[in-house]
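J.: Just passing along the structure, written as structure tokens.
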There are 2 protein chains.
Amino acid sequence: MNRPPDQDLTILDIAREAGVSPATVSRVLNGTAGVRADKAERVRAVIARHNYRPNPFARGLLGQQTGVFGVLVPQLEDEFYGKIVTGVERELRREGMHLLCSLGHDDPGEEAQALELFRERQVDGLILLADQIDDAAILRQMEQRVPLVLINRLIPELEPHCLRLDNVRGGYDATRHLLDLGHRRIAHIAGPLERPGARERLDGYRTALREAGLEPLEWLVVESEFSEDGGYLACKRLLGRGEFTALFAGNDQLALGAIAALREAGLEVPATVSVIGFDDRTLARFCFPALTTLHYPMLEMGARAARHLLALLRGEGPPALSRLRPELVVRSSTSAPGS
Amino acid sequence: MNRPPDQDLTILDIAREAGVSPATVSRVLNGTAGVRADKAERVRAVIARHNYRPNPFARGLLGQQTGVFGVLVPQLEDEFYGKIVTGVERELRREGMHLLCSLGHDDPGEEAQALELFRERQVDGLILLADQIDDAAILRQMEQRVPLVLINRLIPELEPHCLRLDNVRGGYDATRHLLDLGHRRIAHIAGPLERPGARERLDGYRTALREAGLEPLEWLVVESEFSEDGGYLACKRLLGRGEFTALFAGNDQLALGAIAALREAGLEVPATVSVIGFDDRTLARFCFPALTTLHYPMLEMGARAARHLLALLRGEGPPALSRLRPELVVRSSTSAPGS
DNA sequence: CGGGGTATTGAAAAGGTTTTCAATTGTAAA
DNA sequence: TTTACAATTGAAAACCTTTTCAATACCCCG
């Protein structure tokens, strides 16, 4: 059923065997213009018999669609991005599309290189997960009329194609969970605030506090890069500033670092301090104590990006996409204060 | 410095501006045949000025190199494969090569599809991490004269291009570590034994035992798929069979499942039973107790595969590659018996 | 200065598809 | 039966590069 194609047949061979001109075969292949039904059927039969597929290079040379999508992610060492790519791939495979994969390594130059690559290779569409490169460079891509979807980034001009997590909601839910448990003094380790995602989570945190009648205290918030070491150091800073019974970390790695710092300070998690993370990486399930966190639906995010792109390609206009919502996963790192 | 190319210049434009024929430009580009030094210099200057790059589709159409490598991995949800791909990408990027990425989803049909894709797209080389497809299908690829590297798989005909971890050694080192701690009754949860890697780890285990003057006991070994649930069930089976003070799990996930089962049975790790894993995924560092394990150098494996392929492409013949050696990482899940 | 050879160079073909444009066929109306 | 159109179809050009083959330029020697 998945027989390899007979050697390398060209459209000429198919045309000859079907008794038509190559132009007609092409028309059947692309569904363009009118080909008389009986003739089309005959051509289709020959195509199927030999499992013929047009040479992608000849097509590309004419500026046609290439059947390849470009995907840019910062890296693949973190399962986070791997899962997103997996989500993308599953959807695309179904449509017979392929994936040209590039890593940005958190470097604006490499991200730009990747875009250049994608242009040169005439990809049919782009899925970008790039923090470093500036809006202008991305917009320039758009002028090449390549459909494009951004993940975790907002460019106002491209808003309908920006797929994001509802981070405000996530920050709110995380904080709310701690409030519901009875915590009143809740610290927050934010990710780098130049990142919109980190800012949004902070916003959600503040909103939840205010809604509970608490004024957010400046000294309870520290900023850190998204890493375990960062979390460790940030938590130490917090501990030096005053007391708190709960901590909302901007992501799971920060949470792990923070837990290490708390443990080192002789504080028990969650007995003395509750900790909640964000993203729900695999290790959140296995670390000790197992981390309460907000689940980032990575596969789903990738799948949506792919479907969005396919829709654009078909000229369907972007699907109305609500922002994806993170989901609270309660494990063992949070509890009522002093329990 | 990384200026995008001026619109889309063709080799004709370059030729005209340099006052030579397109054939000469082509020769300069590819370093073929003799072009008089001064002329070559002039051409190079024009190429550089416009940052011209030949159209990859026109090249592909002529059966030339495409500058793209195919990479097939089972999936990307597990950081394991993501890290390998990252290692590959880093090396390739340096050479200006790109990555067509396909997932096999542990399905022989999808793996075959991927190979077909790679053939159709005329990739310059292949890096395969595929367990399901049979040797013959892979060897058939080889007849297309595409350089190819296999990771974690041995096909005798392709031996010089098979890049593997020294699993026997790993199994030996793991068991030896437990023996050195003073354990005598050491159980093993093996991965699926139709996988060579799993068999090799088992071999290493047995060798170490024999070397220590212990006869491997059949009932101390169970087989399981590589998953947490599998580890949990396998460990329960072991517990039903008799007593042991240490357990060597075929990989980290198995170890985690086993630890859950041990905990459920009221046995402490490592106080009552020591557990050692394999691979050293991120979670091994963070789970509780932190897992002693053998580190699989994933980035290095990917990087070597890429360098190997590049060497083949340059016709250098395969680098003499010793099998990569896993490294023991001692954490908190192992200790002397009864301590 | 002529001959033989080598080193450079360019013209043209090839590679497989799509698309334009003109030609042909078929159909319906007169 | 003829005319006017629309529906199909095919020939040929175009896309951009590499490579073959023949031609030209250059060099050294006699």
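Every chain in the structure tokens has a letter given in the order shown (A, B, ...), and although residue numbers restart at 1 in each chain, ligands are simply numbered from 1 in the order shown.
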Quick one: which chain C residues come within 8 Å of chain A, and what is the nearest atom pair for each with the distance in Å to one decimal, counting only C-alpha atoms (C1' of nucleotides), rows ordered by chain and ascending number, as CSV?
T.:
residue,atom,partner,partner_atom,distance
C:DG16,C1',A:Ala58,CA,5.1
C:DT17,C1',A:Ala58,CA,5.1
C:DT18,C1',A:Leu62,CA,7.1
J.: Would you list the contacts of region 184-200 of chain B as JSON, numbers by chain, taking every protein, DNA or RNA residue within 8 Å and counting only C-alpha atoms (C1' of nucleotides), but skipping same-chain residues closer than 2 positions in sequence?
T.: {"B": [152, 153, 167, 168, 171, 175, 178, 179, 182, 202, 203, 204, 205, 214, 220, 221, 222, 223, 224, 225, 226, 231, 234, 235, 238, 243, 244, 245, 246, 247, 248, 249, 250, 251, 254]}
J.: Just the selected residues (C-alpha atoms), exported as an mmCIF file, in the first residue's frame, please.
T.:
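As a result, part38.cif now contains:
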data_model
loop_
_atom_site.group_PDB
_atom_site.id
_atom_site.type_symbol
_atom_site.label_atom_id
_atom_site.label_comp_id
_atom_site.auth_asym_id
_atom_site.auth_seq_id
_atom_site.Cartn_x
_atom_site.Cartn_y
_atom_site.Cartn_z
ATOM 1 C CA ASN B 152 21.722 2.819 18.488
ATOM 2 C CA ARG B 153 21.371 0.119 15.922
ATOM 3 C CA ASN B 167 25.637 -0.834 26.638
ATOM 4 C CA VAL B 168 27.492 -3.899 27.806
ATOM 5 C CA GLY B 171 25.383 -2.707 32.363
ATOM 6 C CA THR B 175 26.192 -3.740 38.404
ATOM 7 C CA LEU B 178 26.251 -2.087 43.299
ATOM 8 C CA LEU B 179 28.712 -4.900 43.907
ATOM 9 C CA GLY B 182 28.604 -4.619 48.982
ATOM 10 C CA LEU B 202 21.670 -7.521 30.584
ATOM 11 C CA ASP B 203 24.898 -9.081 29.333
ATOM 12 C CA GLY B 204 26.934 -6.509 31.182
ATOM 13 C CA TYR B 205 24.970 -7.220 34.310
ATOM 14 C CA LEU B 214 28.168 -14.834 41.680
ATOM 15 C CA LEU B 220 16.217 -11.959 39.628
ATOM 16 C CA VAL B 221 15.711 -10.756 36.081
ATOM 17 C CA VAL B 222 12.431 -9.581 34.609
ATOM 18 C CA GLU B 223 11.707 -8.050 31.260
ATOM 19 C CA SER B 224 9.550 -5.007 30.727
ATOM 20 C CA GLU B 225 8.814 -2.345 28.169
ATOM 21 C CA PHE B 226 10.686 0.898 28.776
ATOM 22 C CA GLY B 231 8.934 -0.662 35.879
ATOM 23 C CA ALA B 234 8.104 -5.538 36.924
ATOM 24 C CA CYS B 235 9.265 -4.562 40.375
ATOM 25 C CA LEU B 238 10.346 -9.271 41.516
ATOM 26 C CA GLU B 243 14.431 -10.776 48.369
ATOM 27 C CA PHE B 244 17.125 -8.544 46.944
ATOM 28 C CA THR B 245 19.023 -5.544 48.239
ATOM 29 C CA ALA B 246 19.719 -3.792 44.980
ATOM 30 C CA LEU B 247 18.053 -3.270 41.635
ATOM 31 C CA PHE B 248 19.533 -2.310 38.301
ATOM 32 C CA ALA B 249 16.833 -0.866 36.075
ATOM 33 C CA GLY B 250 17.242 -0.857 32.315
ATOM 34 C CA ASN B 251 16.561 2.856 32.111
ATOM 35 C CA LEU B 254 11.904 1.814 34.746
#
J.: Can you move chain A onto chain B by a least-squares fit over all C-alpha atoms paired in order, then give me the moved copy as a short mmCIF file (atom, residue, chain, number, x, y, z; two decimals) with C-alpha atoms, in the first residue's frame?
T.:
data_model
loop_
_atom_site.label_atom_id
_atom_site.label_comp_id
_atom_site.auth_asym_id
_atom_site.auth_seq_id
_atom_site.Cartn_x
_atom_site.Cartn_y
_atom_site.Cartn_z
CA MET A 1 27.31 40.82 7.99
CA ASN A 2 24.40 38.48 7.62
CA ARG A 3 22.73 40.73 5.11
CA PRO A 4 19.88 39.13 3.22
CA PRO A 5 20.58 38.58 -0.46
CA ASP A 6 19.59 41.31 -2.88
CA GLN A 7 16.19 40.37 -4.24
CA ASP A 8 16.53 37.23 -6.18
CA LEU A 9 19.52 37.37 -8.36
CA THR A 10 20.34 34.51 -10.64
CA ILE A 11 23.62 33.22 -11.80
CA LEU A 12 22.94 35.12 -15.01
CA ASP A 13 22.97 38.44 -13.21
CA ILE A 14 26.20 37.59 -11.50
CA ALA A 15 27.75 36.46 -14.75
CA ARG A 16 26.73 39.64 -16.51
CA GLU A 17 28.08 41.87 -13.79
CA ALA A 18 31.35 39.98 -13.62
CA GLY A 19 31.64 39.96 -17.36
CA VAL A 20 31.81 36.19 -17.69
CA SER A 21 29.48 33.38 -18.68
CA PRO A 22 27.19 31.67 -16.21
CA ALA A 23 29.24 28.52 -16.70
CA THR A 24 32.25 30.24 -15.26
CA VAL A 25 30.33 31.52 -12.27
CA SER A 26 29.12 28.01 -11.66
CA ARG A 27 32.68 26.75 -11.79
CA VAL A 28 33.77 29.31 -9.25
CA LEU A 29 30.86 28.43 -7.00
CA ASN A 30 31.63 24.75 -7.06
CA GLY A 31 35.36 24.98 -7.23
CA THR A 32 35.39 22.77 -10.29
CA ALA A 33 37.88 22.86 -13.13
CA GLY A 34 40.32 25.67 -13.72
CA VAL A 35 39.19 29.25 -13.74
CA ARG A 36 41.92 31.80 -14.13
CA ALA A 37 42.76 33.30 -10.77
CA ASP A 38 42.01 36.91 -11.61
CA LYS A 39 38.68 36.08 -13.16
CA ALA A 40 37.72 33.85 -10.24
CA GLU A 41 38.51 36.68 -7.88
CA ARG A 42 36.32 39.08 -9.81
CA VAL A 43 33.45 36.62 -9.76
CA ARG A 44 33.85 35.98 -6.08
CA ALA A 45 33.71 39.69 -5.44
CA VAL A 46 30.42 40.06 -7.27
CA ILE A 47 28.99 37.05 -5.48
CA ALA A 48 29.97 38.48 -2.15
CA ARG A 49 28.71 41.95 -2.98
CA HIS A 50 25.22 40.68 -3.65
CA ASN A 51 25.40 37.86 -1.18
CA TYR A 52 24.28 35.63 -3.99
CA ARG A 53 23.38 32.01 -3.31
CA PRO A 54 22.41 29.53 -5.97
CA ASN A 55 18.81 28.47 -6.07
CA PRO A 56 18.54 25.15 -4.27
CA PHE A 57 15.71 23.96 -6.47
CA ALA A 58 17.61 24.39 -9.67
CA ARG A 59 20.45 22.46 -8.12
CA GLY A 60 18.20 19.75 -6.83
CA LEU A 61 16.61 19.39 -10.21
CA LEU A 62 19.99 18.46 -11.60
CA GLY A 63 20.50 15.89 -8.89
CA GLN A 64 23.10 17.99 -7.17
CA GLN A 65 23.57 18.29 -3.47
CA THR A 66 20.72 19.93 -1.68
CA GLY A 67 22.35 21.05 1.54
CA VAL A 68 19.77 19.19 3.54
CA PHE A 69 20.19 16.22 5.83
CA GLY A 70 17.41 13.92 6.86
CA VAL A 71 17.02 13.03 10.51
CA LEU A 72 14.66 10.36 11.70
CA VAL A 73 13.93 9.88 15.38
CA PRO A 74 11.10 7.95 17.00
CA GLN A 75 9.65 11.03 18.69
CA LEU A 76 10.58 14.30 20.34
CA GLU A 77 8.51 14.20 23.47
CA ASP A 78 11.31 12.57 25.34
CA GLU A 79 14.21 14.93 25.90
CA PHE A 80 16.45 12.02 24.95
CA TYR A 81 15.83 12.39 21.24
CA GLY A 82 15.60 16.14 21.39
CA LYS A 83 19.10 16.26 22.78
CA ILE A 84 20.42 14.03 20.06
CA VAL A 85 18.83 16.21 17.41
CA THR A 86 20.29 19.27 19.09
CA GLY A 87 23.74 17.72 18.91
CA VAL A 88 23.23 17.02 15.23
CA GLU A 89 21.94 20.48 14.49
CA ARG A 90 24.81 22.28 16.13
CA GLU A 91 27.36 20.53 13.98
CA LEU A 92 25.42 20.88 10.79
CA ARG A 93 24.61 24.53 11.23
CA ARG A 94 28.30 25.23 11.34
CA GLU A 95 28.58 23.77 7.84
CA GLY A 96 25.52 25.56 6.55
CA MET A 97 23.55 22.34 6.27
CA HIS A 98 19.89 22.06 7.15
CA LEU A 99 17.65 19.52 8.76
CA LEU A 100 14.63 17.75 7.39
CA CYS A 101 13.13 16.22 10.48
CA SER A 102 10.80 13.27 10.60
CA LEU A 103 9.29 11.27 13.46
CA GLY A 104 8.87 7.53 13.24
CA HIS A 105 6.39 7.17 16.11
CA ASP A 106 7.74 3.67 16.71
CA ASP A 107 5.89 2.50 13.65
CA PRO A 108 7.59 0.63 10.84
CA GLY A 109 5.25 2.14 8.26
CA GLU A 110 5.98 5.68 9.32
CA GLU A 111 9.67 4.99 9.40
CA ALA A 112 9.48 3.68 5.85
CA GLN A 113 7.52 6.75 4.81
CA ALA A 114 10.24 8.91 6.23
CA LEU A 115 12.91 7.12 4.22
CA GLU A 116 10.79 7.56 1.14
CA LEU A 117 10.47 11.25 1.90
CA PHE A 118 14.20 11.58 2.26
CA ARG A 119 14.77 9.87 -1.06
CA GLU A 120 12.26 12.05 -2.80
CA ARG A 121 13.80 15.18 -1.34
CA GLN A 122 17.27 14.03 -2.28
CA VAL A 123 18.78 14.68 1.11
CA ASP A 124 22.55 14.69 1.11
CA GLY A 125 22.77 12.35 4.06
CA LEU A 126 20.75 10.48 6.63
CA ILE A 127 20.87 10.08 10.36
CA LEU A 128 18.55 7.34 11.46
CA LEU A 129 17.29 6.44 14.87
CA ALA A 130 14.79 3.81 13.92
CA ASP A 131 14.05 0.60 15.74
CA GLN A 132 11.09 -0.67 13.84
CA ILE A 133 11.93 -0.83 10.19
CA ASP A 134 13.88 -3.85 8.98
CA ASP A 135 17.48 -3.94 7.89
CA ALA A 136 16.61 -4.59 4.28
CA ALA A 137 14.71 -1.34 3.91
CA ILE A 138 17.62 0.59 5.31
CA LEU A 139 20.12 -1.18 3.12
CA ARG A 140 17.99 -0.32 0.13
CA GLN A 141 18.47 3.35 1.02
CA MET A 142 22.16 2.75 0.88
CA GLU A 143 21.91 1.74 -2.74
CA GLN A 144 20.79 5.25 -3.50
CA ARG A 145 24.34 6.09 -2.47
CA VAL A 146 23.18 8.35 0.27
CA PRO A 147 25.66 8.51 3.13
CA LEU A 148 23.96 7.26 6.22
CA VAL A 149 24.62 6.96 9.91
CA LEU A 150 22.69 4.77 12.29
CA ILE A 151 22.37 5.59 15.94
CA ASN A 152 21.75 2.88 18.51
CA ARG A 153 21.43 0.16 15.94
CA LEU A 154 23.75 -2.31 14.32
CA ILE A 155 23.41 -3.57 10.79
CA PRO A 156 26.41 -5.74 10.03
CA GLU A 157 26.73 -4.54 6.44
CA LEU A 158 26.79 -0.97 7.69
CA GLU A 159 28.87 -1.52 10.77
CA PRO A 160 31.32 1.33 10.20
CA HIS A 161 28.39 3.71 10.16
CA CYS A 162 26.63 2.43 13.26
CA LEU A 163 27.08 4.71 16.21
CA ARG A 164 26.28 3.06 19.47
CA LEU A 165 26.59 3.39 23.16
CA ASP A 166 28.64 0.75 24.89
CA ASN A 167 25.68 -0.75 26.65
CA VAL A 168 27.53 -3.82 27.80
CA ARG A 169 29.98 -1.60 29.53
CA GLY A 170 27.15 0.43 31.00
CA GLY A 171 25.41 -2.65 32.35
CA TYR A 172 28.68 -3.82 33.72
CA ASP A 173 29.47 -0.50 35.39
CA ALA A 174 26.01 -0.24 36.91
CA THR A 175 26.21 -3.71 38.37
CA ARG A 176 29.76 -3.21 39.41
CA HIS A 177 28.79 -0.08 41.31
CA LEU A 178 26.25 -2.07 43.27
CA LEU A 179 28.72 -4.89 43.89
CA ASP A 180 31.31 -2.42 45.08
CA LEU A 181 28.82 -1.10 47.60
CA GLY A 182 28.60 -4.62 48.95
CA HIS A 183 25.39 -5.89 47.35
CA ARG A 184 25.22 -9.56 46.46
CA ARG A 185 21.65 -10.11 45.50
CA ILE A 186 21.06 -7.72 42.63
CA ALA A 187 17.91 -7.76 40.53
CA HIS A 188 17.58 -6.40 37.00
CA ILE A 189 14.64 -5.04 35.09
CA ALA A 190 15.61 -5.36 31.46
CA GLY A 191 14.08 -3.46 28.60
CA PRO A 192 12.42 -5.36 25.74
CA LEU A 193 14.95 -8.06 24.91
CA GLU A 194 14.33 -7.83 21.20
CA ARG A 195 16.16 -4.56 21.48
CA PRO A 196 19.87 -5.08 21.22
CA GLY A 197 20.52 -2.27 23.68
CA ALA A 198 18.47 -3.99 26.35
CA ARG A 199 20.18 -7.31 25.71
CA GLU A 200 23.59 -5.73 25.94
CA ARG A 201 22.83 -4.10 29.26
CA LEU A 202 21.72 -7.47 30.53
CA ASP A 203 24.95 -9.01 29.29
CA GLY A 204 26.99 -6.44 31.14
CA TYR A 205 24.99 -7.17 34.27
CA ARG A 206 25.71 -10.89 34.01
CA THR A 207 29.36 -10.38 33.24
CA ALA A 208 29.83 -8.21 36.29
CA LEU A 209 28.11 -10.76 38.50
CA ARG A 210 30.20 -13.63 37.20
CA GLU A 211 33.34 -11.64 37.55
CA ALA A 212 32.43 -11.17 41.19
CA GLY A 213 32.02 -14.90 41.55
CA LEU A 214 28.22 -14.81 41.59
CA GLU A 215 26.11 -16.94 39.34
CA PRO A 216 23.33 -14.83 37.74
CA LEU A 217 19.97 -16.06 38.99
CA GLU A 218 17.18 -16.33 36.44
CA TRP A 219 14.48 -15.22 38.80
CA LEU A 220 16.24 -11.95 39.53
CA VAL A 221 15.74 -10.73 35.96
CA VAL A 222 12.45 -9.56 34.49
CA GLU A 223 11.74 -8.01 31.15
CA SER A 224 9.57 -4.97 30.62
CA GLU A 225 8.85 -2.31 28.09
CA PHE A 226 10.71 0.94 28.73
CA SER A 227 8.11 2.81 30.72
CA GLU A 228 7.33 3.86 34.22
CA ASP A 229 4.31 1.60 34.45
CA GLY A 230 6.36 -1.26 33.11
CA GLY A 231 8.94 -0.65 35.81
CA TYR A 232 6.29 -0.59 38.47
CA LEU A 233 4.78 -3.89 37.39
CA ALA A 234 8.13 -5.54 36.82
CA CYS A 235 9.27 -4.58 40.27
CA LYS A 236 6.14 -6.03 41.80
CA ARG A 237 6.85 -9.28 40.04
CA LEU A 238 10.36 -9.27 41.41
CA LEU A 239 9.15 -8.59 44.91
CA GLY A 240 6.85 -11.55 44.65
CA ARG A 241 9.72 -13.82 43.75
CA GLY A 242 12.14 -13.23 46.57
CA GLU A 243 14.43 -10.80 48.28
CA PHE A 244 17.13 -8.57 46.86
CA THR A 245 19.03 -5.58 48.17
CA ALA A 246 19.71 -3.80 44.92
CA LEU A 247 18.06 -3.26 41.58
CA PHE A 248 19.55 -2.29 38.27
CA ALA A 249 16.83 -0.84 36.03
CA GLY A 250 17.27 -0.82 32.26
CA ASN A 251 16.57 2.90 32.08
CA ASP A 252 15.50 5.82 34.25
CA GLN A 253 11.81 5.45 33.66
CA LEU A 254 11.90 1.82 34.71
CA ALA A 255 13.81 2.90 37.80
CA LEU A 256 11.17 5.46 38.72
CA GLY A 257 8.39 2.93 38.34
CA ALA A 258 10.35 0.45 40.40
CA ILE A 259 10.93 2.98 43.14
CA ALA A 260 7.21 3.62 43.30
CA ALA A 261 6.58 -0.10 43.69
CA LEU A 262 9.24 -0.43 46.37
CA ARG A 263 7.84 2.48 48.29
CA GLU A 264 4.40 0.97 48.08
CA ALA A 265 5.79 -2.27 49.50
CA GLY A 266 7.20 -0.32 52.42
CA LEU A 267 10.79 -0.68 51.32
CA GLU A 268 13.08 2.33 51.57
CA VAL A 269 15.36 3.45 48.78
CA PRO A 270 18.25 3.21 49.23
CA ALA A 271 18.18 2.06 52.87
CA THR A 272 16.53 -1.29 52.09
CA VAL A 273 16.95 -1.52 48.34
CA SER A 274 19.41 0.43 46.21
CA VAL A 275 18.25 1.38 42.73
CA ILE A 276 20.32 2.41 39.75
CA GLY A 277 18.92 3.66 36.46
CA PHE A 278 20.28 4.23 32.99
CA ASP A 279 20.45 7.22 30.60
CA ASP A 280 20.44 10.09 33.09
CA ARG A 281 17.49 12.06 31.93
CA THR A 282 16.90 15.38 33.62
CA LEU A 283 14.42 13.91 36.02
CA ALA A 284 17.05 11.57 37.43
CA ARG A 285 18.56 14.61 39.08
CA PHE A 286 15.29 15.76 40.55
CA CYS A 287 13.34 12.70 41.49
CA PHE A 288 13.38 11.43 45.00
CA PRO A 289 15.67 9.97 45.90
CA ALA A 290 17.90 11.46 43.24
CA LEU A 291 18.76 8.61 40.93
CA THR A 292 22.16 7.05 40.57
CA THR A 293 22.37 6.24 36.89
CA LEU A 294 24.59 5.91 33.83
CA HIS A 295 24.83 9.04 31.79
CA TYR A 296 24.07 8.67 28.11
CA PRO A 297 25.94 11.46 26.27
CA MET A 298 23.09 12.45 24.02
CA LEU A 299 24.43 15.71 22.67
CA GLU A 300 27.76 14.09 21.99
CA MET A 301 26.08 11.21 20.20
CA GLY A 302 24.22 13.59 17.92
CA ALA A 303 27.30 15.66 17.28
CA ARG A 304 29.33 12.61 16.36
CA ALA A 305 26.69 11.34 14.02
CA ALA A 306 26.71 14.69 12.26
CA ARG A 307 30.47 14.86 12.02
CA HIS A 308 30.57 11.31 10.76
CA LEU A 309 28.12 12.18 8.04
CA LEU A 310 30.00 15.31 7.06
CA ALA A 311 33.18 13.28 6.80
CA LEU A 312 31.47 10.77 4.54
CA LEU A 313 30.19 13.59 2.41
CA ARG A 314 33.67 14.89 1.97
CA GLY A 315 34.69 11.40 0.99
CA GLU A 316 36.97 11.14 3.96
CA GLY A 317 35.85 7.71 4.99
CA PRO A 318 34.30 7.19 8.37
CA PRO A 319 36.23 8.47 11.36
CA ALA A 320 37.40 5.64 13.57
CA LEU A 321 34.68 5.82 16.13
CA SER A 322 34.93 3.94 19.32
CA ARG A 323 31.58 3.25 20.84
CA LEU A 324 30.56 5.99 23.21
CA ARG A 325 30.89 5.12 26.83
CA PRO A 326 28.22 5.84 29.40
CA GLU A 327 29.39 7.35 32.63
CA LEU A 328 28.34 6.47 36.13
CA VAL A 329 26.66 9.29 38.01
CA VAL A 330 26.28 8.55 41.68
CA ARG A 331 23.38 10.23 43.46
CA SER A 332 21.21 9.17 46.36
CA SER A 333 19.37 6.07 45.27
CA THR A 334 22.23 3.70 45.98
CA SER A 335 24.11 2.94 49.17
CA ALA A 336 25.71 0.04 50.99
CA PRO A 337 23.17 -2.66 51.88
CA GLY A 338 21.29 -2.20 55.12
CA SER A 339 22.61 1.30 55.72
#
J.: Rounded to one decimal, what separation in Å do you get between C1' of DT17 (chain D) and C1' of DA13 (chain C)?
T.: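 Taking C1' of DT17 (chain D) as the start and C1' of DA13 (chain C) as the end point, the length is 12.0 Å.
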J.: For the helix (DSSP H, G or I) assignment from backbone DSSP, which residues of region 126-334 of chain B qualify? Please present them as a PyMOL selection string.
T.: chain B and resi 135-143+156-161+167-181+196-211+218-220+228-241+252-264+282-286+298-313
J.: Kindly save the residues from that selection, with C-alpha atoms included, as a compact mmCIF listing (two decimals), in the first residue's frame.
T.:
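Final file, part23.txt:
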# COMPACT_ATOMS: atom_id res chain seq x y z
CA ASP B 135 17.41 -3.98 7.87
CA ALA B 136 16.54 -4.61 4.26
CA ALA B 137 14.65 -1.36 3.89
CA ILE B 138 17.57 0.56 5.29
CA LEU B 139 20.07 -1.22 3.10
CA ARG B 140 17.94 -0.34 0.12
CA GLN B 141 18.45 3.32 0.99
CA MET B 142 22.12 2.69 0.86
CA GLU B 143 21.89 1.69 -2.78
CA PRO B 156 26.34 -5.81 10.02
CA GLU B 157 26.68 -4.60 6.44
CA LEU B 158 26.76 -1.04 7.68
CA GLU B 159 28.82 -1.59 10.76
CA PRO B 160 31.28 1.24 10.19
CA HIS B 161 28.36 3.63 10.15
CA ASN B 167 25.64 -0.83 26.64
CA VAL B 168 27.49 -3.90 27.81
CA ARG B 169 29.94 -1.68 29.53
CA GLY B 170 27.12 0.36 31.01
CA GLY B 171 25.38 -2.71 32.36
CA TYR B 172 28.67 -3.88 33.74
CA ASP B 173 29.47 -0.56 35.39
CA ALA B 174 26.01 -0.28 36.91
CA THR B 175 26.19 -3.74 38.40
CA ARG B 176 29.76 -3.26 39.44
CA HIS B 177 28.81 -0.11 41.33
CA LEU B 178 26.25 -2.09 43.30
CA LEU B 179 28.71 -4.90 43.91
CA ASP B 180 31.32 -2.45 45.09
CA LEU B 181 28.84 -1.10 47.60
CA PRO B 196 19.81 -5.16 21.27
CA GLY B 197 20.46 -2.34 23.72
CA ALA B 198 18.43 -4.05 26.40
CA ARG B 199 20.13 -7.38 25.76
CA GLU B 200 23.54 -5.80 25.97
CA ARG B 201 22.80 -4.16 29.30
CA LEU B 202 21.67 -7.52 30.58
CA ASP B 203 24.90 -9.08 29.33
CA GLY B 204 26.93 -6.51 31.18
CA TYR B 205 24.97 -7.22 34.31
CA ARG B 206 25.65 -10.93 34.08
CA THR B 207 29.30 -10.46 33.30
CA ALA B 208 29.80 -8.28 36.34
CA LEU B 209 28.08 -10.80 38.57
CA ARG B 210 30.15 -13.70 37.27
CA GLU B 211 33.30 -11.72 37.60
CA GLU B 218 17.13 -16.35 36.58
CA TRP B 219 14.44 -15.23 38.94
CA LEU B 220 16.22 -11.96 39.63
CA GLU B 228 7.33 3.85 34.27
CA ASP B 229 4.30 1.60 34.52
CA GLY B 230 6.33 -1.27 33.19
CA GLY B 231 8.93 -0.66 35.88
CA TYR B 232 6.28 -0.57 38.55
CA LEU B 233 4.76 -3.88 37.50
CA ALA B 234 8.10 -5.54 36.92
CA CYS B 235 9.26 -4.56 40.38
CA LYS B 236 6.12 -6.00 41.92
CA ARG B 237 6.81 -9.27 40.17
CA LEU B 238 10.35 -9.27 41.52
CA LEU B 239 9.13 -8.56 45.02
CA GLY B 240 6.82 -11.53 44.79
CA ARG B 241 9.69 -13.81 43.89
CA ASP B 252 15.51 5.80 34.26
CA GLN B 253 11.81 5.44 33.68
CA LEU B 254 11.90 1.81 34.75
CA ALA B 255 13.81 2.90 37.84
CA LEU B 256 11.18 5.47 38.74
CA GLY B 257 8.41 2.95 38.40
CA ALA B 258 10.36 0.46 40.47
CA ILE B 259 10.96 3.01 43.20
CA ALA B 260 7.22 3.66 43.35
CA ALA B 261 6.59 -0.07 43.77
CA LEU B 262 9.26 -0.39 46.44
CA ARG B 263 7.87 2.55 48.35
CA GLU B 264 4.42 1.04 48.15
CA THR B 282 16.93 15.35 33.59
CA LEU B 283 14.46 13.89 36.00
CA ALA B 284 17.08 11.54 37.41
CA ARG B 285 18.62 14.58 39.04
CA PHE B 286 15.35 15.77 40.50
CA MET B 298 23.10 12.39 23.99
CA LEU B 299 24.44 15.65 22.64
CA GLU B 300 27.76 14.03 21.95
CA MET B 301 26.08 11.16 20.17
CA GLY B 302 24.21 13.55 17.90
CA ALA B 303 27.30 15.60 17.24
CA ARG B 304 29.33 12.54 16.34
CA ALA B 305 26.69 11.28 14.00
CA ALA B 306 26.72 14.62 12.23
CA ARG B 307 30.50 14.78 12.00
CA HIS B 308 30.59 11.23 10.74
CA LEU B 309 28.14 12.11 8.01
CA LEU B 310 30.03 15.22 7.03
CA ALA B 311 33.21 13.19 6.78
CA LEU B 312 31.50 10.68 4.51
CA LEU B 313 30.22 13.51 2.38
J.: Interatomic distance between C1' of DT9 (chain D) and C1' of DA28 (chain C)?
T.: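 Taking C1' of DT9 (chain D) as the start and C1' of DA28 (chain C) as the end point, the length is 20.7 Å.
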J.: Each residue of chain D lying at most 9 Å from chain A should get a row with its shortest atom-to-atom pair and the distance in Å to one decimal, counting only C-alpha atoms (C1' of nucleotides); could you produce that, ordered by chain and increasing number, as a Markdown table?
T.:
| residue | atom | partner | partner_atom | distance |
| --- | --- | --- | --- | --- |
| D:DA7 | C1' | A:Gly34 | CA | 7.7 |
| D:DT8 | C1' | A:Val35 | CA | 6.5 |
| D:DT9 | C1' | A:Thr24 | CA | 7.3 |
| D:DG10 | C1' | A:Ser21 | CA | 6.1 |
| D:DA14 | C1' | A:Leu62 | CA | 8.2 |
| D:DC15 | C1' | A:Leu62 | CA | 4.9 |
| D:DC16 | C1' | A:Leu61 | CA | 7.2 |
